[in-house]
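Undergrad: Just coords-v3.pdb, nothing more (PDB, C-alpha atoms):
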```pdb
ATOM      1  CA  MET I  12      60.401 -20.054  59.342  1.00  0.00           C
ATOM      2  CA  LYS I  13      56.994 -20.302  57.673  1.00  0.00           C
ATOM      3  CA  ARG I  14      55.464 -18.880  60.806  1.00  0.00           C
ATOM      4  CA  ILE I  15      57.720 -15.813  60.747  1.00  0.00           C
ATOM      5  CA  ILE I  16      56.944 -15.188  57.078  1.00  0.00           C
ATOM      6  CA  LEU I  17      53.208 -15.548  57.743  1.00  0.00           C
ATOM      7  CA  VAL I  18      53.369 -13.167  60.711  1.00  0.00           C
ATOM      8  CA  GLY I  19      55.358 -10.725  58.568  1.00  0.00           C
ATOM      9  CA  LEU I  20      52.788 -10.887  55.752  1.00  0.00           C
ATOM     10  CA  VAL I  21      49.889 -10.360  58.159  1.00  0.00           C
ATOM     11  CA  ALA I  22      51.691  -7.387  59.735  1.00  0.00           C
ATOM     12  CA  ALA I  23      52.401  -5.899  56.302  1.00  0.00           C
ATOM     13  CA  CYS I  24      48.753  -6.301  55.331  1.00  0.00           C
ATOM     14  CA  LEU I  25      47.597  -4.657  58.540  1.00  0.00           C
ATOM     15  CA  VAL I  26      49.966  -1.739  58.075  1.00  0.00           C
ATOM     16  CA  SER I  27      48.962  -1.221  54.433  1.00  0.00           C
ATOM     17  CA  THR I  28      45.275  -1.534  55.338  1.00  0.00           C
ATOM     18  CA  SER I  29      45.574   1.025  58.112  1.00  0.00           C
ATOM     19  CA  VAL I  30      47.425   3.428  55.794  1.00  0.00           C
ATOM     20  CA  PHE I  31      44.713   2.984  53.153  1.00  0.00           C
ATOM     21  CA  ALA I  32      41.992   3.343  55.781  1.00  0.00           C
ATOM     22  CA  ALA I  33      43.491   6.632  56.916  1.00  0.00           C
ATOM     23  CA  ASP I  34      42.962   8.032  53.407  1.00  0.00           C
ATOM     24  CA  LEU I  35      39.459   6.580  53.172  1.00  0.00           C
ATOM     25  CA  LYS I  36      36.595   9.062  53.488  1.00  0.00           C
ATOM     26  CA  LEU I  37      33.083   7.607  53.574  1.00  0.00           C
ATOM     27  CA  GLY I  38      29.637   9.127  53.616  1.00  0.00           C
ATOM     28  CA  TYR I  39      26.068   8.180  52.891  1.00  0.00           C
ATOM     29  CA  ILE I  40      22.883   9.720  51.581  1.00  0.00           C
ATOM     30  CA  ASP I  41      19.409   8.888  52.879  1.00  0.00           C
ATOM     31  CA  MET I  42      17.903   8.921  49.404  1.00  0.00           C
ATOM     32  CA  GLN I  43      14.329   8.408  50.583  1.00  0.00           C
ATOM     33  CA  ARG I  44      14.546  11.448  52.835  1.00  0.00           C
ATOM     34  CA  ALA I  45      16.281  13.411  50.087  1.00  0.00           C
ATOM     35  CA  LEU I  46      13.508  12.574  47.616  1.00  0.00           C
ATOM     36  CA  THR I  47      10.702  13.574  49.937  1.00  0.00           C
ATOM     37  CA  THR I  48      12.253  16.723  51.397  1.00  0.00           C
ATOM     38  CA  SER I  49      13.923  18.213  48.321  1.00  0.00           C
ATOM     39  CA  ASP I  50      12.153  21.082  46.581  1.00  0.00           C
ATOM     40  CA  ALA I  51      11.875  18.943  43.448  1.00  0.00           C
ATOM     41  CA  GLY I  52      10.418  16.080  45.491  1.00  0.00           C
ATOM     42  CA  LYS I  53       7.828  18.354  47.066  1.00  0.00           C
ATOM     43  CA  GLU I  54       6.870  19.736  43.631  1.00  0.00           C
ATOM     44  CA  ALA I  55       6.582  16.205  42.240  1.00  0.00           C
ATOM     45  CA  LYS I  56       4.386  15.206  45.174  1.00  0.00           C
ATOM     46  CA  GLU I  57       2.119  18.209  44.509  1.00  0.00           C
ATOM     47  CA  GLN I  58       1.902  17.358  40.799  1.00  0.00           C
ATOM     48  CA  LEU I  59       0.952  13.789  41.604  1.00  0.00           C
ATOM     49  CA  ALA I  60      -1.574  14.885  44.232  1.00  0.00           C
ATOM     50  CA  THR I  61      -3.233  17.148  41.642  1.00  0.00           C
ATOM     51  CA  LYS I  62      -3.443  14.268  39.166  1.00  0.00           C
ATOM     52  CA  VAL I  63      -4.745  11.909  41.861  1.00  0.00           C
ATOM     53  CA  LYS I  64      -7.486  14.393  42.792  1.00  0.00           C
ATOM     54  CA  LYS I  65      -8.486  14.818  39.137  1.00  0.00           C
ATOM     55  CA  PHE I  66      -8.684  11.054  38.629  1.00  0.00           C
ATOM     56  CA  GLN I  67     -10.465  10.545  41.948  1.00  0.00           C
ATOM     57  CA  ASP I  68     -13.116  13.114  40.998  1.00  0.00           C
ATOM     58  CA  GLU I  69     -13.696  11.322  37.688  1.00  0.00           C
ATOM     59  CA  ILE I  70     -13.805   7.955  39.443  1.00  0.00           C
ATOM     60  CA  ASN I  71     -16.373   9.262  41.942  1.00  0.00           C
ATOM     61  CA  VAL I  72     -18.614  10.522  39.119  1.00  0.00           C
ATOM     62  CA  LYS I  73     -18.365   7.220  37.264  1.00  0.00           C
ATOM     63  CA  GLN I  74     -19.018   5.234  40.456  1.00  0.00           C
ATOM     64  CA  GLU I  75     -22.123   7.308  41.131  1.00  0.00           C
ATOM     65  CA  GLU I  76     -23.377   6.657  37.582  1.00  0.00           C
ATOM     66  CA  LEU I  77     -22.785   2.927  38.020  1.00  0.00           C
ATOM     67  CA  LYS I  78     -24.551   2.934  41.371  1.00  0.00           C
ATOM     68  CA  LYS I  79     -27.614   4.683  39.886  1.00  0.00           C
ATOM     69  CA  LEU I  80     -27.679   2.313  36.931  1.00  0.00           C
ATOM     70  CA  LYS I  81     -27.542  -0.700  39.233  1.00  0.00           C
ATOM     71  CA  GLU I  82     -30.296   0.689  41.463  1.00  0.00           C
ATOM     72  CA  GLU I  83     -32.459   1.291  38.366  1.00  0.00           C
ATOM     73  CA  LEU I  84     -31.845  -2.261  37.241  1.00  0.00           C
ATOM     74  CA  GLU I  85     -32.808  -3.650  40.641  1.00  0.00           C
ATOM     75  CA  LYS I  86     -35.946  -1.500  40.929  1.00  0.00           C
ATOM     76  CA  GLN I  87     -37.192  -1.920  37.384  1.00  0.00           C
ATOM     77  CA  GLY I  88     -35.793  -5.393  36.779  1.00  0.00           C
ATOM     78  CA  THR I  89     -39.042  -7.246  37.381  1.00  0.00           C
ATOM     79  CA  MET I  90     -41.160  -4.717  35.479  1.00  0.00           C
ATOM     80  CA  LEU I  91     -39.022  -4.687  32.341  1.00  0.00           C
ATOM     81  CA  SER I  92     -39.386  -7.083  29.479  1.00  0.00           C
ATOM     82  CA  ASP I  93     -36.626  -9.640  29.066  1.00  0.00           C
ATOM     83  CA  SER I  94     -35.106  -7.764  26.115  1.00  0.00           C
ATOM     84  CA  SER I  95     -35.187  -4.385  27.948  1.00  0.00           C
ATOM     85  CA  ARG I  96     -33.656  -5.908  31.072  1.00  0.00           C
ATOM     86  CA  ALA I  97     -30.975  -7.632  29.006  1.00  0.00           C
ATOM     87  CA  ALA I  98     -30.182  -4.336  27.238  1.00  0.00           C
ATOM     88  CA  LYS I  99     -29.898  -2.464  30.563  1.00  0.00           C
ATOM     89  CA  GLU I 100     -27.736  -5.211  32.050  1.00  0.00           C
ATOM     90  CA  LYS I 101     -25.491  -5.132  28.985  1.00  0.00           C
ATOM     91  CA  ASP I 102     -25.259  -1.340  29.277  1.00  0.00           C
ATOM     92  CA  TYR I 103     -24.357  -1.669  32.948  1.00  0.00           C
ATOM     93  CA  GLN I 104     -21.703  -4.322  32.216  1.00  0.00           C
ATOM     94  CA  ASN I 105     -20.178  -2.148  29.469  1.00  0.00           C
ATOM     95  CA  LYS I 106     -20.036   0.875  31.767  1.00  0.00           C
ATOM     96  CA  LEU I 107     -18.531  -1.283  34.511  1.00  0.00           C
ATOM     97  CA  LYS I 108     -15.824  -2.489  32.109  1.00  0.00           C
ATOM     98  CA  ASP I 109     -15.173   1.106  31.027  1.00  0.00           C
ATOM     99  CA  PHE I 110     -14.907   2.106  34.679  1.00  0.00           C
ATOM    100  CA  GLN I 111     -12.470  -0.707  35.461  1.00  0.00           C
ATOM    101  CA  ARG I 112     -10.396   0.156  32.391  1.00  0.00           C
ATOM    102  CA  PHE I 113     -10.373   3.828  33.373  1.00  0.00           C
ATOM    103  CA  THR I 114      -9.223   3.108  36.938  1.00  0.00           C
ATOM    104  CA  LYS I 115      -6.451   0.791  35.685  1.00  0.00           C
ATOM    105  CA  ASP I 116      -5.327   3.365  33.108  1.00  0.00           C
ATOM    106  CA  ALA I 117      -5.359   6.067  35.789  1.00  0.00           C
ATOM    107  CA  GLN I 118      -3.246   3.906  38.114  1.00  0.00           C
ATOM    108  CA  ASP I 119      -0.809   3.115  35.304  1.00  0.00           C
ATOM    109  CA  GLU I 120      -0.540   6.782  34.347  1.00  0.00           C
ATOM    110  CA  LEU I 121       0.055   7.846  37.951  1.00  0.00           C
ATOM    111  CA  GLN I 122       2.654   5.153  38.469  1.00  0.00           C
ATOM    112  CA  GLY I 123       4.413   6.109  35.223  1.00  0.00           C
ATOM    113  CA  LYS I 124       4.411   9.795  36.144  1.00  0.00           C
ATOM    114  CA  ASP I 125       5.735   8.994  39.629  1.00  0.00           C
ATOM    115  CA  GLU I 126       8.545   6.889  38.160  1.00  0.00           C
ATOM    116  CA  GLU I 127       9.402   9.598  35.601  1.00  0.00           C
ATOM    117  CA  LEU I 128       9.550  12.365  38.209  1.00  0.00           C
ATOM    118  CA  THR I 129      11.542  10.211  40.630  1.00  0.00           C
ATOM    119  CA  ARG I 130      14.007   9.226  37.905  1.00  0.00           C
ATOM    120  CA  ARG I 131      14.520  12.874  36.940  1.00  0.00           C
ATOM    121  CA  ILE I 132      15.150  13.889  40.552  1.00  0.00           C
ATOM    122  CA  LEU I 133      17.538  10.980  41.120  1.00  0.00           C
ATOM    123  CA  GLU I 134      19.534  11.838  37.997  1.00  0.00           C
ATOM    124  CA  GLY I 135      19.951  15.421  39.167  1.00  0.00           C
ATOM    125  CA  MET I 136      20.796  14.344  42.681  1.00  0.00           C
ATOM    126  CA  GLU I 137      23.367  11.837  41.421  1.00  0.00           C
ATOM    127  CA  LYS I 138      25.245  14.622  39.619  1.00  0.00           C
ATOM    128  CA  VAL I 139      25.255  16.763  42.760  1.00  0.00           C
ATOM    129  CA  ILE I 140      26.447  13.829  44.888  1.00  0.00           C
ATOM    130  CA  LYS I 141      29.324  13.093  42.488  1.00  0.00           C
ATOM    131  CA  GLU I 142      30.398  16.741  42.457  1.00  0.00           C
ATOM    132  CA  TYR I 143      30.123  16.971  46.242  1.00  0.00           C
ATOM    133  CA  GLY I 144      32.143  13.788  46.687  1.00  0.00           C
ATOM    134  CA  GLN I 145      34.890  14.939  44.328  1.00  0.00           C
ATOM    135  CA  GLN I 146      35.112  18.438  45.804  1.00  0.00           C
ATOM    136  CA  ASN I 147      35.236  17.162  49.379  1.00  0.00           C
ATOM    137  CA  GLY I 148      37.609  14.226  48.859  1.00  0.00           C
ATOM    138  CA  TYR I 149      35.224  11.329  49.475  1.00  0.00           C
ATOM    139  CA  THR I 150      36.339   7.842  48.511  1.00  0.00           C
ATOM    140  CA  PHE I 151      32.810   6.418  48.708  1.00  0.00           C
ATOM    141  CA  ILE I 152      29.326   7.831  49.132  1.00  0.00           C
ATOM    142  CA  PHE I 153      26.710   5.163  49.727  1.00  0.00           C
ATOM    143  CA  VAL I 154      22.928   5.162  49.583  1.00  0.00           C
ATOM    144  CA  LYS I 155      21.527   4.324  53.006  1.00  0.00           C
ATOM    145  CA  ASN I 156      19.484   1.137  52.960  1.00  0.00           C
ATOM    146  CA  GLU I 157      18.299  -1.640  55.246  1.00  0.00           C
ATOM    147  CA  SER I 158      21.403  -3.772  54.641  1.00  0.00           C
ATOM    148  CA  MET I 159      23.576  -1.205  56.429  1.00  0.00           C
ATOM    149  CA  LEU I 160      23.817  -2.610  59.946  1.00  0.00           C
ATOM    150  CA  PHE I 161      25.495   0.421  61.473  1.00  0.00           C
ATOM    151  CA  VAL I 162      25.883   3.956  60.193  1.00  0.00           C
ATOM    152  CA  ASP I 163      27.432   6.799  62.170  1.00  0.00           C
ATOM    153  CA  GLU I 164      25.185   9.840  61.841  1.00  0.00           C
ATOM    154  CA  LYS I 165      28.310  11.989  61.354  1.00  0.00           C
ATOM    155  CA  ALA I 166      28.722  10.354  57.924  1.00  0.00           C
ATOM    156  CA  ASP I 167      25.231  11.488  56.825  1.00  0.00           C
ATOM    157  CA  LEU I 168      25.658  13.867  53.884  1.00  0.00           C
ATOM    158  CA  THR I 169      21.958  14.147  53.061  1.00  0.00           C
ATOM    159  CA  ASP I 170      21.437  17.692  54.354  1.00  0.00           C
ATOM    160  CA  ALA I 171      24.568  19.070  52.673  1.00  0.00           C
ATOM    161  CA  VAL I 172      23.694  17.437  49.343  1.00  0.00           C
ATOM    162  CA  LEU I 173      20.062  18.583  49.611  1.00  0.00           C
ATOM    163  CA  LYS I 174      21.179  22.145  50.169  1.00  0.00           C
ATOM    164  CA  LEU I 175      23.356  22.014  47.033  1.00  0.00           C
ATOM    165  CA  PHE I 176      20.674  20.243  45.010  1.00  0.00           C
ATOM    166  CA  ASN I 177      17.970  22.748  45.959  1.00  0.00           C
ATOM    167  CA  SER I 178      20.202  25.763  45.351  1.00  0.00           C
ATOM    168  CA  GLY I 179      21.283  24.337  41.972  1.00  0.00           C
ATOM    169  CA  ARG I 180      17.661  24.140  40.841  1.00  0.00           C
ATOM    170  CA  LYS I 181      16.989  27.781  41.681  1.00  0.00           C
ATOM    171  CA  LYS I 182      19.730  29.038  39.366  1.00  0.00           C
TER     172      LYS I 182
END
```
If you convert what's in this file into structure tokens, what do you get?

TA:
Amino acid sequence: MKRIILVGLVAACLVSTSVFAADLKLGYIDMQRALTTSDAGKEAKEQLATKVKKFQDEINVKQEELKKLKEELEKQGTMLSDSSRAAKEKDYQNKLKDFQRFTKDAQDELQGKDEELTRRILEGMEKVIKEYGQQNGYTFIFVKNESMLFVDEKADLTDAVLKLFNSGRKK
């Protein structure tokens, strides 16, 4: 008797699961690809590249100054008095600290700007994904990641969402 009830319960679960599965509509977004290929992502990349170039130019100038100062110290080191050499070494150390501080600040600023731009793009994309999912009857839309062992390419919604996201920005 218990066996018949158990078999009946399992059958009922399978039937209800298959009915639910028939109504289930799944999709996924390759968010990394969406970020890099969206118009907003390309603009953000250009903005960051401009900032990187500006900082790199400043870093190159400062490195050249430090290099010249060090060469001067090495050439004139033996000819200078102890107090003059100590003053030049202190000047070099101060400029080196300033350089290190500048490069760290530049890295922090670039990282902050990258995070800000990425966050803004993701927020906009999230709205588009929700609208797309609701309008097209999706039960779930996932973000593709390395924990997904198998994903059917037919469930990839990235291109459709990108098209909507890009067209929404142009309005």

Undergrad: Could you give me, as CSV, a per-residue list for region 117-156 of chain I showing, wherever an atom lies at most 8 Å from an atom of region 41-47 of chain I, the closest pair of atoms and their distance in Å to one decimal, using all atoms listed in the file and sorting by chain then residue number from low to high?

TA:
```
residue,atom,partner,partner_atom,distance
I:Thr129,CA,I:Leu46,CA,7.6
I:Ile132,CA,I:Leu46,CA,7.4
I:Leu133,CA,I:Leu46,CA,7.8
I:Val154,CA,I:Asp41,CA,6.1
I:Lys155,CA,I:Asp41,CA,5.0
I:Asn156,CA,I:Asp41,CA,7.8
```

Undergrad: Any idea what's packed within 10 Å of Asp163 (chain I), counting all atoms listed in the file, ignoring anything in its chain fewer than 4 positions away? Could you give it as an MDAnalysis selection string?

TA: chainID I and resid 38:39 167

Undergrad: With all atoms listed in the file as the atoms that count, which of I:Asp93, I:Glu142, I:Phe153, I:Phe66 lies nearest to Ala166 (chain I)?

TA: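 Ranking I:Asp93, I:Glu142, I:Phe153, I:Phe66 by distance to Ala166 (chain I), first place goes to I:Phe153.
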
Undergrad: As a check of understanding, name the residues that the PyMOL selection byres ((chain I and resi 73-87) around 7) selects in the supplied structure, as a list in words.

TA: Glu69, Ile70, Asn71, Val72, Gly88, Thr89, Met90, Leu91, Lys99, Tyr103, Leu107 and Phe110 of chain I

Undergrad: Return as a VMD selection string the set of residues that the PyMOL selection byres ((chain I and resi 140) around 12) yields on the displayed structure.

TA: chain I and resid 38 to 42 45 133 to 139 141 to 149 151 to 154 168 to 176

Undergrad: May I ask for the distance between CA of Ala98 (chain I) and CA of Gln111 (chain I), given in Å to one decimal place?

TA: 19.9 Å

Undergrad: May I ask for the distance between CA of Glu157 (chain I) and CA of Leu128 (chain I), given in Å to one decimal place?

TA: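 We find that CA of Glu157 (chain I) and CA of Leu128 (chain I) lie 23.7 Å from each other.
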
Undergrad: At a cut-off of 12 Å, using all atoms listed in the file, what residues contact Ala60 (chain I)? Leave out same-chain residues fewer than 6 positions from it and give the result as number ranges by chain.

TA: I: 53-54, 66-67, 121, 124-125

Undergrad: Take the residues just selected and output them with C-alpha atoms as a short mmCIF file (atom, residue, chain, number, x, y, z; two decimals), in the frame of the given file.

TA:
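Printed below is out_5.cif as written:
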```cif
data_model
loop_
_atom_site.label_atom_id
_atom_site.label_comp_id
_atom_site.auth_asym_id
_atom_site.auth_seq_id
_atom_site.Cartn_x
_atom_site.Cartn_y
_atom_site.Cartn_z
CA LYS I 53 7.83 18.35 47.07
CA GLU I 54 6.87 19.74 43.63
CA PHE I 66 -8.68 11.05 38.63
CA GLN I 67 -10.46 10.54 41.95
CA LEU I 121 0.06 7.85 37.95
CA LYS I 124 4.41 9.80 36.14
CA ASP I 125 5.74 8.99 39.63
#
```

Undergrad: Enter the distance from CA of Val63 (chain I) to CA of Asn105 (chain I), in Å, rounded to one decimal.

TA: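 These atoms are spaced 24.3 Å apart.
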
Undergrad: Go ahead and fit an axis-aligned box to every listed atom of region 142-159 of chain I plus 4 Å each side, and pass me the centre and edge lengths in Å, one decimal, as JSON.

TA:
```
{"center_x": 28.0, "center_y": 7.3, "center_z": 49.4, "size_x": 27.3, "size_y": 30.2, "size_z": 22.0}
```

Undergrad: Which is closer to Ser49 (chain I) than all the others in I:Asp119, I:Arg130, I:Arg180, I:Lys165, using all atoms listed in the file?

TA: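 For Ser49 (chain I), the nearest of the given residues is I:Arg180.
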
Undergrad: Which is closer to Lys62 (chain I) than all the others in I:Gln118, I:Gln104, I:Ser94, I:Thr48, using only C-alpha atoms?

TA: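 Selected residue with least distance to Lys62 (chain I): I:Gln118.
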
Undergrad: Fix up region 81-112 of chain I with N, CA and C atoms, then write it as an mmCIF file, in the coordinates of the input.

TA:
```cif
data_model
loop_
_atom_site.group_PDB
_atom_site.id
_atom_site.type_symbol
_atom_site.label_atom_id
_atom_site.label_comp_id
_atom_site.auth_asym_id
_atom_site.auth_seq_id
_atom_site.Cartn_x
_atom_site.Cartn_y
_atom_site.Cartn_z
ATOM 1 N N LYS I 81 -27.270 0.564 38.551
ATOM 2 C CA LYS I 81 -27.542 -0.700 39.233
ATOM 3 C C LYS I 81 -28.843 -0.613 40.026
ATOM 4 N N GLU I 82 -29.049 0.514 40.706
ATOM 5 C CA GLU I 82 -30.296 0.689 41.463
ATOM 6 C C GLU I 82 -31.502 0.662 40.523
ATOM 7 N N GLU I 83 -31.376 1.312 39.364
ATOM 8 C CA GLU I 83 -32.459 1.291 38.366
ATOM 9 C C GLU I 83 -32.752 -0.136 37.940
ATOM 10 N N LEU I 84 -31.689 -0.865 37.670
ATOM 11 C CA LEU I 84 -31.845 -2.261 37.241
ATOM 12 C C LEU I 84 -32.571 -3.076 38.306
ATOM 13 N N GLU I 85 -32.190 -2.884 39.559
ATOM 14 C CA GLU I 85 -32.808 -3.650 40.641
ATOM 15 C C GLU I 85 -34.268 -3.252 40.850
ATOM 16 N N LYS I 86 -34.570 -1.964 40.725
ATOM 17 C CA LYS I 86 -35.946 -1.500 40.929
ATOM 18 C C LYS I 86 -36.852 -1.900 39.773
ATOM 19 N N GLN I 87 -36.354 -1.697 38.566
ATOM 20 C CA GLN I 87 -37.192 -1.920 37.384
ATOM 21 C C GLN I 87 -37.028 -3.319 36.806
ATOM 22 N N GLY I 88 -36.110 -4.089 37.355
ATOM 23 C CA GLY I 88 -35.793 -5.393 36.779
ATOM 24 C C GLY I 88 -36.987 -6.290 36.555
ATOM 25 N N THR I 89 -37.890 -6.346 37.505
ATOM 26 C CA THR I 89 -39.042 -7.246 37.381
ATOM 27 C C THR I 89 -40.112 -6.681 36.460
ATOM 28 N N MET I 90 -40.131 -5.333 36.319
ATOM 29 C CA MET I 90 -41.160 -4.717 35.479
ATOM 30 C C MET I 90 -40.754 -4.658 34.015
ATOM 31 N N LEU I 91 -39.490 -4.801 33.718
ATOM 32 C CA LEU I 91 -39.022 -4.687 32.341
ATOM 33 C C LEU I 91 -39.194 -6.002 31.603
ATOM 34 N N SER I 92 -39.336 -5.869 30.302
ATOM 35 C CA SER I 92 -39.386 -7.083 29.479
ATOM 36 C C SER I 92 -37.980 -7.697 29.471
ATOM 37 N N ASP I 93 -37.910 -8.945 29.085
ATOM 38 C CA ASP I 93 -36.626 -9.640 29.066
ATOM 39 C C ASP I 93 -35.612 -8.912 28.190
ATOM 40 N N SER I 94 -36.037 -8.440 27.034
ATOM 41 C CA SER I 94 -35.106 -7.764 26.115
ATOM 42 C C SER I 94 -34.655 -6.416 26.694
ATOM 43 N N SER I 95 -35.549 -5.671 27.343
ATOM 44 C CA SER I 95 -35.187 -4.385 27.948
ATOM 45 C C SER I 95 -34.229 -4.595 29.122
ATOM 46 N N ARG I 96 -34.527 -5.608 29.939
ATOM 47 C CA ARG I 96 -33.656 -5.908 31.072
ATOM 48 C C ARG I 96 -32.281 -6.344 30.584
ATOM 49 N N ALA I 97 -32.253 -7.166 29.562
ATOM 50 C CA ALA I 97 -30.975 -7.632 29.006
ATOM 51 C C ALA I 97 -30.178 -6.451 28.446
ATOM 52 N N ALA I 98 -30.856 -5.516 27.803
ATOM 53 C CA ALA I 98 -30.182 -4.336 27.238
ATOM 54 C C ALA I 98 -29.603 -3.474 28.355
ATOM 55 N N LYS I 99 -30.384 -3.272 29.431
ATOM 56 C CA LYS I 99 -29.898 -2.464 30.563
ATOM 57 C C LYS I 99 -28.737 -3.163 31.273
ATOM 58 N N GLU I 100 -28.828 -4.466 31.415
ATOM 59 C CA GLU I 100 -27.736 -5.211 32.050
ATOM 60 C C GLU I 100 -26.462 -5.138 31.209
ATOM 61 N N LYS I 101 -26.643 -5.231 29.887
ATOM 62 C CA LYS I 101 -25.491 -5.132 28.985
ATOM 63 C C LYS I 101 -24.878 -3.732 29.075
ATOM 64 N N ASP I 102 -25.733 -2.716 29.151
ATOM 65 C CA ASP I 102 -25.259 -1.340 29.277
ATOM 66 C C ASP I 102 -24.482 -1.176 30.590
ATOM 67 N N TYR I 103 -25.034 -1.735 31.644
ATOM 68 C CA TYR I 103 -24.357 -1.669 32.948
ATOM 69 C C TYR I 103 -22.998 -2.373 32.890
ATOM 70 N N GLN I 104 -22.958 -3.559 32.320
ATOM 71 C CA GLN I 104 -21.703 -4.322 32.216
ATOM 72 C C GLN I 104 -20.658 -3.559 31.389
ATOM 73 N N ASN I 105 -21.097 -2.933 30.304
ATOM 74 C CA ASN I 105 -20.178 -2.148 29.469
ATOM 75 C C ASN I 105 -19.616 -0.950 30.240
ATOM 76 N N LYS I 106 -20.497 -0.272 30.978
ATOM 77 C CA LYS I 106 -20.036 0.875 31.767
ATOM 78 C C LYS I 106 -19.114 0.423 32.907
ATOM 79 N N LEU I 107 -19.384 -0.734 33.464
ATOM 80 C CA LEU I 107 -18.531 -1.283 34.511
ATOM 81 C C LEU I 107 -17.144 -1.604 33.944
ATOM 82 N N LYS I 108 -17.108 -2.198 32.756
ATOM 83 C CA LYS I 108 -15.824 -2.489 32.109
ATOM 84 C C LYS I 108 -15.071 -1.190 31.809
ATOM 85 N N ASP I 109 -15.802 -0.192 31.303
ATOM 86 C CA ASP I 109 -15.173 1.106 31.027
ATOM 87 C C ASP I 109 -14.597 1.706 32.313
ATOM 88 N N PHE I 110 -15.355 1.588 33.391
ATOM 89 C CA PHE I 110 -14.907 2.106 34.679
ATOM 90 C C PHE I 110 -13.635 1.387 35.138
ATOM 91 N N GLN I 111 -13.636 0.077 35.052
ATOM 92 C CA GLN I 111 -12.470 -0.707 35.461
ATOM 93 C C GLN I 111 -11.255 -0.366 34.595
ATOM 94 N N ARG I 112 -11.474 -0.216 33.311
ATOM 95 C CA ARG I 112 -10.396 0.156 32.391
ATOM 96 C C ARG I 112 -9.860 1.547 32.740
#
```
